[in-house]
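Here is input_13.txt, consisting of compact mmCIF, C-alpha atoms and all ligand atoms:
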# COMPACT_ATOMS: atom_id res chain seq x y z
CA MET A 1 0.00 0.00 0.00
CA LEU A 2 1.26 3.45 -0.92
CA ARG A 3 0.03 6.72 0.59
CA ILE A 4 1.22 10.29 0.82
CA ASN A 5 0.05 11.78 4.11
CA ASN A 6 1.17 15.36 3.69
CA ILE A 7 3.21 17.67 1.53
CA SER A 8 5.00 20.91 2.23
CA LEU A 9 6.04 23.32 -0.46
CA PHE A 10 8.49 26.18 -0.31
CA GLN A 11 8.86 28.50 -3.29
CA PHE A 12 7.60 25.84 -5.70
CA ARG A 13 5.79 27.53 -8.60
CA ASN A 14 2.98 29.73 -7.24
CA TYR A 15 3.38 28.40 -3.67
CA GLN A 16 5.39 30.44 -1.16
CA GLU A 17 5.17 28.29 1.96
CA ASN A 18 2.25 25.86 2.21
CA GLN A 19 1.42 22.59 3.86
CA TYR A 20 -1.37 20.17 3.08
CA GLN A 21 -2.48 17.13 5.04
CA PHE A 22 -4.06 14.30 3.12
CA THR A 23 -6.38 12.45 5.43
CA ARG A 24 -8.36 10.36 2.95
CA ASN A 25 -7.65 8.05 0.05
CA ILE A 26 -9.56 10.33 -2.24
CA VAL A 27 -8.47 13.94 -2.24
CA GLY A 28 -10.00 16.63 -4.42
CA PHE A 29 -8.24 19.93 -5.17
CA CYS A 30 -10.63 22.63 -6.28
CA GLY A 31 -10.17 26.27 -7.14
CA LEU A 32 -10.29 28.78 -9.94
CA ASN A 33 -8.12 28.69 -13.02
CA GLY A 34 -4.56 29.48 -12.05
CA SER A 35 -5.09 28.74 -8.35
CA GLY A 36 -2.39 26.06 -8.32
CA LYS A 37 -4.24 22.76 -8.63
CA THR A 38 -2.04 21.35 -11.37
CA ASN A 39 1.05 22.66 -9.60
CA LEU A 40 0.11 20.80 -6.43
CA LEU A 41 -0.44 17.56 -8.37
CA ASP A 42 2.89 18.14 -10.04
CA ALA A 43 4.59 18.59 -6.66
CA ILE A 44 3.36 15.11 -5.67
CA TYR A 45 4.55 13.78 -9.02
CA TYR A 46 7.90 15.47 -8.42
CA LEU A 47 8.44 13.53 -5.20
CA CYS A 48 7.78 10.29 -7.08
CA PHE A 49 9.83 11.03 -10.17
CA THR A 50 12.46 13.57 -9.03
CA LYS A 51 11.15 15.96 -11.67
CA SER A 52 8.15 17.80 -13.00
CA TYR A 53 5.63 15.92 -15.11
CA PHE A 54 5.63 18.78 -17.57
CA GLY A 55 9.33 18.59 -18.25
CA ARG A 56 9.99 22.08 -16.95
CA ALA A 57 13.51 22.98 -15.84
CA ASP A 58 13.93 23.48 -12.10
CA ALA A 59 14.64 27.18 -12.53
CA GLN A 60 11.12 27.49 -13.96
CA ASN A 61 9.70 25.44 -11.11
CA THR A 62 11.04 28.02 -8.69
CA LYS A 63 8.65 30.76 -7.67
CA TYR A 64 9.14 33.83 -9.82
CA GLY A 65 11.66 36.21 -8.30
CA LYS A 66 12.95 33.62 -5.80
CA GLN A 67 15.95 31.34 -5.71
CA GLY A 68 15.61 27.66 -4.95
CA PHE A 69 12.64 25.58 -3.84
CA ARG A 70 11.85 22.68 -1.58
CA ILE A 71 9.19 19.97 -1.64
CA GLN A 72 8.79 17.47 1.15
CA GLY A 73 6.25 14.71 1.66
CA ASP A 74 5.60 11.98 4.20
CA PHE A 75 4.74 8.69 2.55
CA LEU A 76 3.57 5.41 3.90
CA LEU A 77 4.84 2.43 1.95
CA GLY A 78 3.49 -0.74 3.50
CA ASP A 79 4.43 -0.27 7.16
CA ASN A 80 7.29 2.09 6.47
CA SER A 81 7.08 5.83 7.02
CA LEU A 82 9.30 7.48 4.47
CA GLN A 83 10.01 11.15 4.11
CA VAL A 84 10.89 12.23 0.59
CA THR A 85 12.65 15.55 0.12
CA ALA A 86 13.55 17.47 -3.01
CA VAL A 87 15.68 20.58 -2.64
CA PHE A 88 16.70 22.84 -5.48
CA ARG A 89 19.38 25.06 -4.00
CA GLU A 90 20.09 28.70 -4.74
CA ASN A 91 23.30 27.71 -6.50
CA GLY A 92 21.33 25.54 -8.95
CA LYS A 93 22.27 22.23 -7.30
CA LYS A 94 19.57 19.69 -6.60
CA GLU A 95 19.36 17.20 -3.78
CA PHE A 96 16.90 14.40 -3.55
CA GLY A 97 16.57 11.94 -0.73
CA VAL A 98 14.48 9.59 1.35
CA ASN A 99 14.69 9.87 5.14
CA ASN A 100 17.64 12.24 4.76
CA GLU A 101 19.68 9.84 2.68
CA HIS A 102 20.50 11.54 -0.57
CA TYR A 103 20.67 9.70 -3.83
CA ASN A 104 23.84 9.80 -5.87
CA ARG A 105 21.79 8.89 -8.87
CA PHE A 106 18.24 10.24 -8.98
CA ALA A 107 17.37 7.40 -11.35
CA ASP A 108 17.52 5.02 -8.36
CA HIS A 109 14.42 6.69 -6.96
CA ILE A 110 12.21 6.02 -9.99
CA GLY A 111 9.68 3.29 -9.35
CA ARG A 112 9.97 3.24 -5.56
CA PHE A 113 6.92 5.49 -5.21
CA PRO A 114 5.00 4.77 -8.39
CA CYS A 115 2.42 7.21 -9.58
CA VAL A 116 0.38 7.77 -12.71
CA MET A 117 -0.74 11.19 -13.91
CA ILE A 118 -3.50 11.87 -16.39
CA ALA A 119 -3.32 15.45 -17.63
CA PRO A 120 -5.08 17.24 -20.52
CA ASP A 121 -1.91 17.64 -22.59
CA ASP A 122 -1.38 13.87 -22.57
CA MET A 123 -3.52 13.72 -25.68
CA ALA A 124 -0.21 14.34 -27.47
CA ILE A 125 0.55 10.65 -26.88
CA ILE A 126 -2.23 9.77 -29.27
CA ILE A 127 -2.23 12.55 -31.81
CA GLN A 128 1.41 13.58 -32.10
CA GLY A 129 4.60 11.98 -33.44
CA SER A 130 6.19 8.74 -32.37
CA GLU A 131 8.50 10.42 -29.86
CA GLU A 132 5.59 11.06 -27.50
CA ARG A 133 4.57 7.40 -27.60
CA ARG A 134 8.12 6.17 -27.01
CA LYS A 135 8.44 8.53 -24.07
CA CYS A 136 5.16 7.29 -22.66
CA LEU A 137 6.18 3.65 -23.09
CA ASP A 138 9.58 4.26 -21.55
CA TYR A 139 8.09 6.04 -18.55
CA LYS A 140 5.95 3.01 -17.84
CA LEU A 141 8.88 0.67 -18.16
CA THR A 142 11.24 2.67 -15.99
CA GLN A 143 8.76 2.53 -13.14
CA LEU A 144 8.69 -1.24 -13.37
CA ASP A 145 12.33 -1.95 -13.94
CA ALA A 146 15.21 0.15 -12.61
CA GLY A 147 17.62 -1.67 -14.94
CA TYR A 148 15.64 -0.49 -17.93
CA LEU A 149 16.27 3.15 -17.12
CA ARG A 150 20.03 2.58 -17.04
CA THR A 151 19.89 0.70 -20.35
CA LEU A 152 17.84 3.49 -21.89
CA ILE A 153 20.21 6.18 -20.65
CA ASP A 154 23.18 4.20 -22.03
CA SER A 155 21.45 3.64 -25.31
CA ASN A 156 20.64 7.36 -25.73
CA LYS A 157 24.19 8.35 -24.82
CA LEU A 158 25.69 5.90 -27.31
CA LEU A 159 23.30 7.03 -30.01
CA LYS A 160 24.43 10.63 -29.47
CA GLN A 161 28.09 9.57 -29.60
CA ARG A 162 27.57 7.63 -32.81
CA ASN A 163 25.68 10.51 -34.38
CA SER A 164 28.38 12.99 -33.46
CA LEU A 165 31.03 10.71 -35.04
CA LEU A 166 28.95 10.60 -38.23
CA LYS A 167 28.65 14.36 -38.14
CA GLN A 168 32.35 14.86 -37.46
CA TYR A 169 33.15 12.74 -40.49
CA ALA A 170 30.88 14.85 -42.68
CA GLU A 171 32.57 18.01 -41.41
CA SER A 172 36.21 16.96 -41.35
CA GLY A 173 36.38 13.97 -43.71
CA LYS A 174 38.24 12.08 -40.97
CA LEU A 175 36.91 8.93 -39.45
CA ASP A 176 38.10 6.89 -36.50
CA GLU A 177 36.84 3.53 -37.80
CA ASN A 178 37.91 1.76 -34.68
CA LEU A 179 35.96 4.09 -32.40
CA LEU A 180 32.90 3.95 -34.64
CA GLY A 181 33.06 0.16 -34.46
CA ILE A 182 33.28 0.15 -30.66
CA ILE A 183 30.45 2.64 -30.18
CA SER A 184 28.25 0.89 -32.74
CA GLY A 185 28.85 -2.43 -30.98
CA GLN A 186 27.88 -0.95 -27.63
CA LEU A 187 24.85 0.72 -29.18
CA VAL A 188 23.73 -2.61 -30.63
CA ALA A 189 23.91 -4.24 -27.20
CA ALA A 190 22.02 -1.42 -25.47
CA GLY A 191 19.50 -1.09 -28.33
CA ASN A 192 18.78 -4.81 -28.34
CA SER A 193 18.10 -4.66 -24.65
CA VAL A 194 15.74 -1.70 -25.10
CA TYR A 195 13.91 -3.61 -27.82
CA PHE A 196 13.73 -6.75 -25.73
CA HIS A 197 12.29 -4.90 -22.71
CA ARG A 198 9.74 -3.02 -24.78
CA SER A 199 8.47 -6.01 -26.70
CA HIS A 200 8.36 -8.18 -23.58
CA PHE A 201 6.38 -5.55 -21.69
CA LEU A 202 3.99 -4.85 -24.57
CA ARG A 203 3.02 -8.49 -24.82
CA THR A 204 1.13 -8.15 -21.54
CA PHE A 205 0.49 -4.43 -21.66
CA ILE A 206 -1.34 -4.26 -25.00
CA PRO A 207 -4.13 -6.65 -23.91
CA LEU A 208 -4.51 -4.59 -20.71
CA ILE A 209 -5.09 -1.44 -22.74
CA THR A 210 -7.55 -2.99 -25.18
CA GLU A 211 -9.46 -4.52 -22.30
CA ARG A 212 -9.67 -1.15 -20.54
CA TYR A 213 -10.78 0.49 -23.76
CA GLN A 214 -13.66 -1.95 -24.10
CA THR A 215 -14.70 -1.27 -20.51
CA ILE A 216 -14.71 2.48 -21.02
CA CYS A 217 -16.51 2.40 -24.38
CA GLN A 218 -18.89 -0.47 -23.74
CA SER A 219 -19.27 -0.98 -27.48
CA GLU A 220 -18.20 -3.13 -30.40
CA GLU A 221 -15.37 -0.82 -31.40
CA LYS A 222 -12.36 -2.88 -32.26
CA LEU A 223 -9.13 -1.34 -31.03
CA SER A 224 -5.85 -2.87 -32.09
CA ILE A 225 -2.40 -1.82 -30.97
CA THR A 226 0.78 -2.86 -32.73
CA TYR A 227 4.37 -2.40 -31.68
CA LYS A 228 6.39 -1.13 -34.63
CA SER A 229 10.13 -1.54 -34.46
CA ASN A 230 12.86 -1.79 -37.09
CA LEU A 231 14.28 -4.61 -35.00
CA GLU A 232 11.31 -6.89 -35.52
CA SER A 233 12.57 -8.07 -38.86
CA ILE A 234 16.32 -7.58 -38.64
CA ASP A 235 19.12 -7.76 -36.11
CA PHE A 236 20.31 -4.31 -34.96
CA ASN A 237 23.89 -5.00 -35.97
CA GLN A 238 22.85 -5.97 -39.46
CA LEU A 239 20.57 -2.96 -39.65
CA LEU A 240 23.45 -0.59 -38.86
CA GLN A 241 25.62 -2.23 -41.50
CA GLN A 242 22.86 -2.11 -44.04
CA ASN A 243 22.28 1.60 -43.34
CA ARG A 244 25.94 2.55 -43.17
CA ASP A 245 26.03 4.68 -46.33
CA ARG A 246 22.73 6.29 -45.58
CA ASP A 247 23.78 7.07 -41.99
CA PHE A 248 26.93 8.78 -43.26
CA ALA A 249 24.91 10.76 -45.77
CA MET A 250 22.30 11.80 -43.20
CA GLN A 251 24.93 12.28 -40.47
CA ARG A 252 22.85 10.33 -37.99
CA THR A 253 21.72 6.82 -37.13
CA THR A 254 18.62 6.59 -39.29
CA GLN A 255 17.07 3.41 -37.95
CA GLY A 256 16.94 1.55 -34.65
CA PRO A 257 14.84 1.30 -31.51
CA HIS A 258 15.02 5.10 -31.21
CA ARG A 259 12.45 5.10 -34.03
CA ASP A 260 10.06 2.60 -32.41
CA ASP A 261 6.37 3.42 -32.40
CA LEU A 262 3.01 2.15 -31.25
CA GLU A 263 0.32 2.05 -33.90
CA PHE A 264 -3.31 2.39 -32.87
CA ASN A 265 -6.08 1.23 -35.15
CA LEU A 266 -9.82 1.47 -34.69
CA ASN A 267 -11.93 -0.92 -36.73
CA GLY A 268 -9.00 -1.27 -39.10
CA ASN A 269 -8.38 2.47 -39.62
CA SER A 270 -5.64 4.65 -38.23
CA PHE A 271 -6.82 5.91 -34.86
CA LYS A 272 -5.06 9.22 -35.18
CA ASN A 273 -6.83 10.08 -38.42
CA SER A 274 -10.23 8.54 -37.92
CA ALA A 275 -11.16 8.45 -34.25
CA SER A 276 -13.51 11.00 -32.73
CA GLN A 277 -12.49 13.25 -29.82
CA GLY A 278 -14.34 11.03 -27.39
CA GLN A 279 -12.70 7.90 -28.74
CA LYS A 280 -9.29 9.52 -28.43
CA LYS A 281 -10.03 10.47 -24.85
CA SER A 282 -11.18 6.96 -24.11
CA LEU A 283 -7.94 5.57 -25.54
CA LEU A 284 -5.91 7.95 -23.42
CA PHE A 285 -7.68 6.75 -20.29
CA ALA A 286 -7.29 3.14 -21.37
CA LEU A 287 -3.55 3.68 -21.81
CA LYS A 288 -3.19 5.26 -18.40
CA LEU A 289 -5.36 2.74 -16.61
CA GLY A 290 -3.41 -0.02 -18.34
CA GLU A 291 -0.25 1.55 -16.94
CA PHE A 292 -1.85 1.75 -13.52
CA GLU A 293 -2.79 -1.94 -13.71
CA ALA A 294 0.63 -3.03 -14.99
CA ILE A 295 2.33 -1.24 -12.10
CA LYS A 296 -0.08 -2.72 -9.62
CA GLN A 297 0.48 -6.24 -10.89
CA HIS A 298 4.21 -5.79 -10.88
CA LYS A 299 4.60 -4.09 -7.50
CA GLY A 300 1.76 -5.76 -5.66
CA PHE A 301 0.29 -2.39 -4.66
CA ALA A 302 -1.51 0.34 -6.57
CA PRO A 303 0.32 3.49 -7.64
CA ILE A 304 -0.88 6.94 -6.62
CA LEU A 305 -3.21 8.32 -9.25
CA LEU A 306 -3.14 12.00 -10.20
CA LEU A 307 -6.12 13.08 -12.27
CA ASP A 308 -5.90 16.59 -13.65
CA ASP A 309 -9.04 18.11 -15.11
CA VAL A 310 -10.61 14.80 -16.02
CA PHE A 311 -14.07 16.20 -15.43
CA GLU A 312 -13.58 18.27 -18.55
CA LYS A 313 -13.09 15.09 -20.51
CA LEU A 314 -15.61 12.57 -19.33
CA ASP A 315 -19.34 12.57 -18.84
CA GLY A 316 -20.73 11.86 -15.38
CA THR A 317 -21.31 8.15 -15.85
CA ARG A 318 -17.86 7.48 -17.24
CA MET A 319 -16.34 9.58 -14.51
CA SER A 320 -17.99 7.61 -11.74
CA ASN A 321 -17.13 4.33 -13.50
CA LEU A 322 -13.52 5.41 -13.59
CA LEU A 323 -13.43 6.56 -9.97
CA GLU A 324 -15.25 3.48 -8.81
CA LYS A 325 -12.87 1.22 -10.68
CA VAL A 326 -9.80 2.95 -9.35
CA CYS A 327 -10.79 3.95 -5.84
CA LEU A 328 -13.00 1.14 -4.72
CA GLU A 329 -11.47 -1.87 -6.42
CA ASN A 330 -7.84 -0.95 -6.08
CA ASP A 331 -7.31 0.72 -2.74
CA SER A 332 -5.35 3.41 -4.49
CA GLN A 333 -4.86 6.97 -3.31
CA VAL A 334 -6.36 9.34 -5.83
CA PHE A 335 -5.90 13.08 -6.26
CA ILE A 336 -8.32 14.82 -8.54
CA THR A 337 -8.67 18.46 -9.57
CA ASP A 338 -11.65 20.48 -10.64
CA THR A 339 -12.48 24.14 -11.02
CA HIS A 340 -15.93 23.59 -9.47
CA CYS A 341 -15.87 22.61 -5.80
CA ASP A 342 -19.57 21.71 -5.89
CA ARG A 343 -19.26 19.45 -8.91
CA LEU A 344 -16.25 17.75 -7.36
CA SER A 345 -18.01 17.17 -4.02
CA ALA A 346 -21.12 15.92 -5.76
CA SER A 347 -19.20 13.43 -7.90
CA LEU A 348 -17.15 12.12 -5.00
CA SER A 349 -20.18 11.86 -2.70
CA LYS A 350 -21.73 9.38 -5.12
CA LEU A 351 -18.89 6.97 -4.50
CA ASP A 352 -19.88 6.41 -0.94
CA VAL A 353 -16.32 6.41 0.33
CA PRO A 354 -14.70 9.01 2.56
CA PHE A 355 -13.04 11.84 0.67
CA GLN A 356 -11.45 15.17 1.38
CA ILE A 357 -11.68 18.43 -0.53
CA ILE A 358 -8.93 21.00 -0.41
CA GLU A 359 -9.82 24.45 -1.70
CA LEU A 360 -6.93 26.28 -3.30
N1 LIG B 401 7.54 29.63 -11.33
C1 LIG B 401 6.38 30.18 -10.96
N2 LIG B 401 6.34 31.13 -10.01
C2 LIG B 401 5.16 31.70 -9.63
N3 LIG B 401 3.98 31.38 -10.16
C3 LIG B 401 3.97 30.45 -11.12
C4 LIG B 401 5.15 29.79 -11.56
N4 LIG B 401 4.82 28.91 -12.52
C5 LIG B 401 3.48 29.01 -12.65
N5 LIG B 401 2.98 29.92 -11.82
C6 LIG B 401 1.59 30.34 -11.68
O1 LIG B 401 0.83 29.24 -11.23
C7 LIG B 401 -0.49 29.40 -11.73
C8 LIG B 401 -0.90 28.15 -12.48
O2 LIG B 401 -1.11 27.19 -11.58
P1 LIG B 401 -1.79 25.84 -12.05
O3 LIG B 401 -1.44 25.51 -13.44
O4 LIG B 401 -1.49 24.88 -11.00
O5 LIG B 401 -3.31 26.33 -12.00
P2 LIG B 401 -4.61 25.44 -12.01
O6 LIG B 401 -5.28 25.63 -10.69
O7 LIG B 401 -4.27 24.07 -12.41
O8 LIG B 401 -5.43 26.19 -13.13
P3 LIG B 401 -6.42 25.58 -14.25
O9 LIG B 401 -7.75 25.41 -13.61
O10 LIG B 401 -6.46 26.69 -15.25
O11 LIG B 401 -5.82 24.35 -14.78
C9 LIG B 401 -0.48 30.51 -12.73
O12 LIG B 401 -1.10 31.62 -12.15
C10 LIG B 401 0.97 30.76 -12.98
O13 LIG B 401 1.26 32.09 -13.26
MG MG B 402 -4.65 22.97 -14.09
So, in terms of structure tokens, how does the structure I just supplied come out?
Amino acid sequence: MLRINNISLFQFRNYQENQYQFTRNIVGFCGLNGSGKTNLLDAIYYLCFTKSYFGRADAQNTKYGKQGFRIQGDFLLGDNSLQVTAVFRENGKKEFGVNNEHYNRFADHIGRFPCVMIAPDDMAIIIQGSEERRKCLDYKLTQLDAGYLRTLIDSNKLLKQRNSLLKQYAESGKLDENLLGIISGQLVAAGNSVYFHRSHFLRTFIPLITERYQTICQSEEKLSITYKSNLESIDFNQLLQQNRDRDFAMQRTTQGPHRDDLEFNLNGNSFKNSASQGQKKSLLFALKLGEFEAIKQHKGFAPILLLDDVFEKLDGTRMSNLLEKVCLENDSQVFITDTHCDRLSASLSKLDVPFQIIEL
């Protein structure tokens, strides 16, 4: 079981110095536009991921006109009380720790306090380019497998090194064949591992998503999801050799797992081009709930769920189905924002479980 019992914020975004106690498993944040609801969700996310969900640099996370910020939260993980602290110092250095023990590598924290956010901008996963989907897939995997994050970081670093060698050659005409061989070899090993992890995970994850989609839609719509990778049909090493001339010409590694994608189809047509707004929203929720479920299965406890502005996206029935599914069946702690305190209270009251509303 995972819970966050309180959070204190100092100079984080619009917050100067604030503390909030979370006394229930379901916590609603309500307030006007710009009152700090999303920022508060993001502060919780920050403690779980060592960074902002929205990819903002820490200087931007600091309250305007101030230097440095601090976020601290008391978690309960099983029987253990754990205090997580993030400090961004005035000199631009960041410290992150649990019970006053600082991490040398922030990556080691990922997955210890799993959480899943659903935010309006996440629609990019469905409608934008493949990079968004890879990022989304990788986020899920890193929460499940600490080793994966290291492999991914290695793979990205090696890809950059290989690309800069290709670029150097184009600029100077000189090539260190030996070095290119070594880096390519290491990239093949890391890339193969990335591919292996992704395809292994997707084998169980894809059915979870399609199942969730059916539950949300309650219709005959046929969703299919396919993992697309260059490595499905050819070994990475062979692929690099085959693309050698092209890579030199383009000054970058043109194919590999860094081009992987997930393809969504609805009744045989491309989801991106044919699905309605509502169907896209339903897919987004299915993806996120699939992630939630995968984490729960893997860890044995449910992640914290952060729902930003979902009321804007779902009708009342779907909303209560979603909340019921997550809150009642999973024993998860859920944070949910809404601009209307009344609407939020009314929706949560229907669930017949204790909840708490914090007005911002
Ligand atoms: N670094 C910062 N320093 C001070 N204020 C900031 C900083 N970054 C963002 N803000 C302010 O925080 C507010 C936005 O907060 P947030 O996005 O959490 O609002 P919200 O309650 O989610 O609003 P909405 O209902 O529109 O989604 C804005 O007023 C913005 O100017
Ligand atoms: Mg918001």
As a quick test: using all atoms listed in the file, which residues lie no more than 8 Å away from ligand MG 402 (chain B)? Give them as an MDAnalysis selection string. chainID A and resid 33:34 36:39 308:309 337
For chain A against ligand LIG 401 (chain B), with a cut-off of 7 Å and counting all atoms listed in the file, what is the closest atom pair and its distance in Å to one decimal for every residue that makes the cut, ordered by chain and number, as a Markdown table?
| residue | atom | partner | partner_atom | distance |
| --- | --- | --- | --- | --- |
| A:Phe12 | CA | B:LIG401 | N1 | 6.8 |
| A:Arg13 | CA | B:LIG401 | C1 | 3.6 |
| A:Asn14 | CA | B:LIG401 | N3 | 3.5 |
| A:Gly31 | CA | B:LIG401 | O6 | 6.1 |
| A:Leu32 | CA | B:LIG401 | O9 | 5.6 |
| A:Asn33 | CA | B:LIG401 | O9 | 3.4 |
| A:Gly34 | CA | B:LIG401 | O5 | 3.4 |
| A:Ser35 | CA | B:LIG401 | O6 | 3.9 |
| A:Gly36 | CA | B:LIG401 | O4 | 3.1 |
| A:Lys37 | CA | B:LIG401 | O6 | 3.7 |
| A:Thr38 | CA | B:LIG401 | O4 | 3.6 |
| A:Asn39 | CA | B:LIG401 | O4 | 3.7 |
| A:Leu40 | CA | B:LIG401 | O4 | 6.3 |
| A:Gln60 | CA | B:LIG401 | N1 | 4.9 |
| A:Asn61 | CA | B:LIG401 | N1 | 4.7 |
| A:Thr62 | CA | B:LIG401 | N1 | 4.7 |
| A:Lys63 | CA | B:LIG401 | N2 | 3.3 |
| A:Tyr64 | CA | B:LIG401 | N2 | 3.9 |
| A:Asp338 | CA | B:LIG401 | O9 | 7.0 |
| A:Thr339 | CA | B:LIG401 | O9 | 5.5 |
Include C-alpha atoms and write out the residues we just selected as a tab-separated table (two decimals), in the coordinates of the input.
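And here is the file that came out, selection11.tsv:
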chain	number	residue	atom	x	y	z
A	12	PHE	CA	7.60	25.84	-5.70
A	13	ARG	CA	5.79	27.53	-8.60
A	14	ASN	CA	2.98	29.73	-7.24
A	31	GLY	CA	-10.17	26.27	-7.14
A	32	LEU	CA	-10.29	28.78	-9.94
A	33	ASN	CA	-8.12	28.69	-13.02
A	34	GLY	CA	-4.56	29.48	-12.05
A	35	SER	CA	-5.09	28.74	-8.35
A	36	GLY	CA	-2.39	26.06	-8.32
A	37	LYS	CA	-4.24	22.76	-8.63
A	38	THR	CA	-2.04	21.35	-11.37
A	39	ASN	CA	1.05	22.66	-9.60
A	40	LEU	CA	0.11	20.80	-6.43
A	60	GLN	CA	11.12	27.49	-13.96
A	61	ASN	CA	9.70	25.44	-11.11
A	62	THR	CA	11.04	28.02	-8.69
A	63	LYS	CA	8.65	30.76	-7.67
A	64	TYR	CA	9.14	33.83	-9.82
A	338	ASP	CA	-11.65	20.48	-10.64
A	339	THR	CA	-12.48	24.14	-11.02
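Using only C-alpha atoms, the nearest neighbour of Thr210 in chain A within the list A:Glu291, A:Glu177, A:Glu232, A:Glu171 is A:Glu291.
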Which polymer residues, protein or nucleic acid, are no farther than 7 Å from (4.4, 11.5, 2.2), counting all atoms listed in the file, as a ChimeraX atom specification? /A:3-7,73-76,82-84
Choose the residue, out of A:Leu144, A:Ile183, A:Val116, A:Leu175, that has the smallest atom-to-atom separation from Leu240 in chain A; count all atoms listed in the file. A:Ile183
Would you pick out the contacts of Lys135 in chain A at 12 Å or less, using only C-alpha atoms, so that residues sharing its chain but fewer than 3 positions from it are not included, and give the list as a list in words? Tyr53, Gly55, Asp122, Ala124, Ile125, Ile126, Gln128, Gly129, Ser130, Glu131, Glu132, Asp138, Tyr139, Lys140, Leu141, Thr142, Leu149, Leu152, Arg198, His258, Arg259, Asp260, Asp261 and Leu262 of chain A
Could you dump the residues just selected with C-alpha atoms as a compact mmCIF listing (two decimals), keeping the file's coordinate frame?
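Output file again_9.txt is given in full below:
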# COMPACT_ATOMS: atom_id res chain seq x y z
CA TYR A 53 5.63 15.92 -15.11
CA GLY A 55 9.33 18.59 -18.25
CA ASP A 122 -1.38 13.87 -22.57
CA ALA A 124 -0.21 14.34 -27.47
CA ILE A 125 0.55 10.65 -26.88
CA ILE A 126 -2.23 9.77 -29.27
CA GLN A 128 1.41 13.58 -32.10
CA GLY A 129 4.60 11.98 -33.44
CA SER A 130 6.19 8.74 -32.37
CA GLU A 131 8.50 10.42 -29.86
CA GLU A 132 5.59 11.06 -27.50
CA ASP A 138 9.58 4.26 -21.55
CA TYR A 139 8.09 6.04 -18.55
CA LYS A 140 5.95 3.01 -17.84
CA LEU A 141 8.88 0.67 -18.16
CA THR A 142 11.24 2.67 -15.99
CA LEU A 149 16.27 3.15 -17.12
CA LEU A 152 17.84 3.49 -21.89
CA ARG A 198 9.74 -3.02 -24.78
CA HIS A 258 15.02 5.10 -31.21
CA ARG A 259 12.45 5.10 -34.03
CA ASP A 260 10.06 2.60 -32.41
CA ASP A 261 6.37 3.42 -32.40
CA LEU A 262 3.01 2.15 -31.25
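Across the model, the gap from CA of Leu41 in chain A to CA of Val98 in chain A is 19.5 Å.
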Report as JSON lines the residues of range 146-240 of chain A within 12 Å of range 102-111 of chain A, each with its shortest atom pair and distance in Å (one decimal), using all atoms listed in the file, ordered by chain and increasing residue number.
{"residue": "A:Ala146", "atom": "CA", "partner": "A:Asp108", "partner_atom": "CA", "distance": 6.9}
{"residue": "A:Gly147", "atom": "CA", "partner": "A:Asp108", "partner_atom": "CA", "distance": 9.4}
{"residue": "A:Tyr148", "atom": "CA", "partner": "A:Ala107", "partner_atom": "CA", "distance": 10.4}
{"residue": "A:Leu149", "atom": "CA", "partner": "A:Ala107", "partner_atom": "CA", "distance": 7.3}
{"residue": "A:Arg150", "atom": "CA", "partner": "A:Ala107", "partner_atom": "CA", "distance": 7.9}
{"residue": "A:Thr151", "atom": "CA", "partner": "A:Ala107", "partner_atom": "CA", "distance": 11.5}
{"residue": "A:Leu152", "atom": "CA", "partner": "A:Ala107", "partner_atom": "CA", "distance": 11.3}
{"residue": "A:Ile153", "atom": "CA", "partner": "A:Ala107", "partner_atom": "CA", "distance": 9.8}
Step by step: start from the point (12.4, 0.5, -33.6) in the file's coordinates, keep every protein, DNA or RNA residue that has an atom no farther than 12 Å from it, count all atoms listed in the file, and write the set as a VMD selection string. chain A and resid 130 to 131 134 191 to 196 198 to 199 227 to 236 239 253 to 262
Just to confirm, what's the straight-line distance from CA of Leu179 in chain A to CA of Leu166 in chain A in Å (one decimal)?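 It comes out at 11.2 Å.
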Box centre and edge lengths (Å, one decimal), axis-aligned, range 11-23 of chain A plus 5 Å each side, as lines of an AutoDock Vina configuration file:
center_x = 1.2
center_y = 21.4
center_z = -1.6
size_x = 25.2
size_y = 28.0
size_z = 24.0
Between A:Asn267, A:Leu9, A:Met319, A:Ile295, which residue has the minimum interatomic distance to Asp145 in chain A, considering all atoms listed in the file?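 Checking each candidate against Asp145 in chain A, we get A:Ile295 as the closest.
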Residue nearest Leu137 in chain A among A:Arg246, A:Phe205, A:Glu359, A:Leu305 (counting only C-alpha atoms): A:Phe205
Residue nearest Glu293 in chain A among A:Arg70, A:Gln186, A:Ser332, A:Glu324 (counting all atoms listed in the file): A:Ser332
Got a sec: who's within 6 Å of range 274-288 of chain A, counting all atoms listed in the file, leaving out chain neighbours fewer than 6 positions off, as a short mmCIF file (atom, residue, chain, number, x, y, z; two decimals) with C-alpha atoms, in the coordinates of the input?
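As a result, result-v6.cif now contains:
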data_model
loop_
_atom_site.label_atom_id
_atom_site.label_comp_id
_atom_site.auth_asym_id
_atom_site.auth_seq_id
_atom_site.Cartn_x
_atom_site.Cartn_y
_atom_site.Cartn_z
CA ILE A 209 -5.09 -1.44 -22.74
CA ARG A 212 -9.67 -1.15 -20.54
CA TYR A 213 -10.78 0.49 -23.76
#
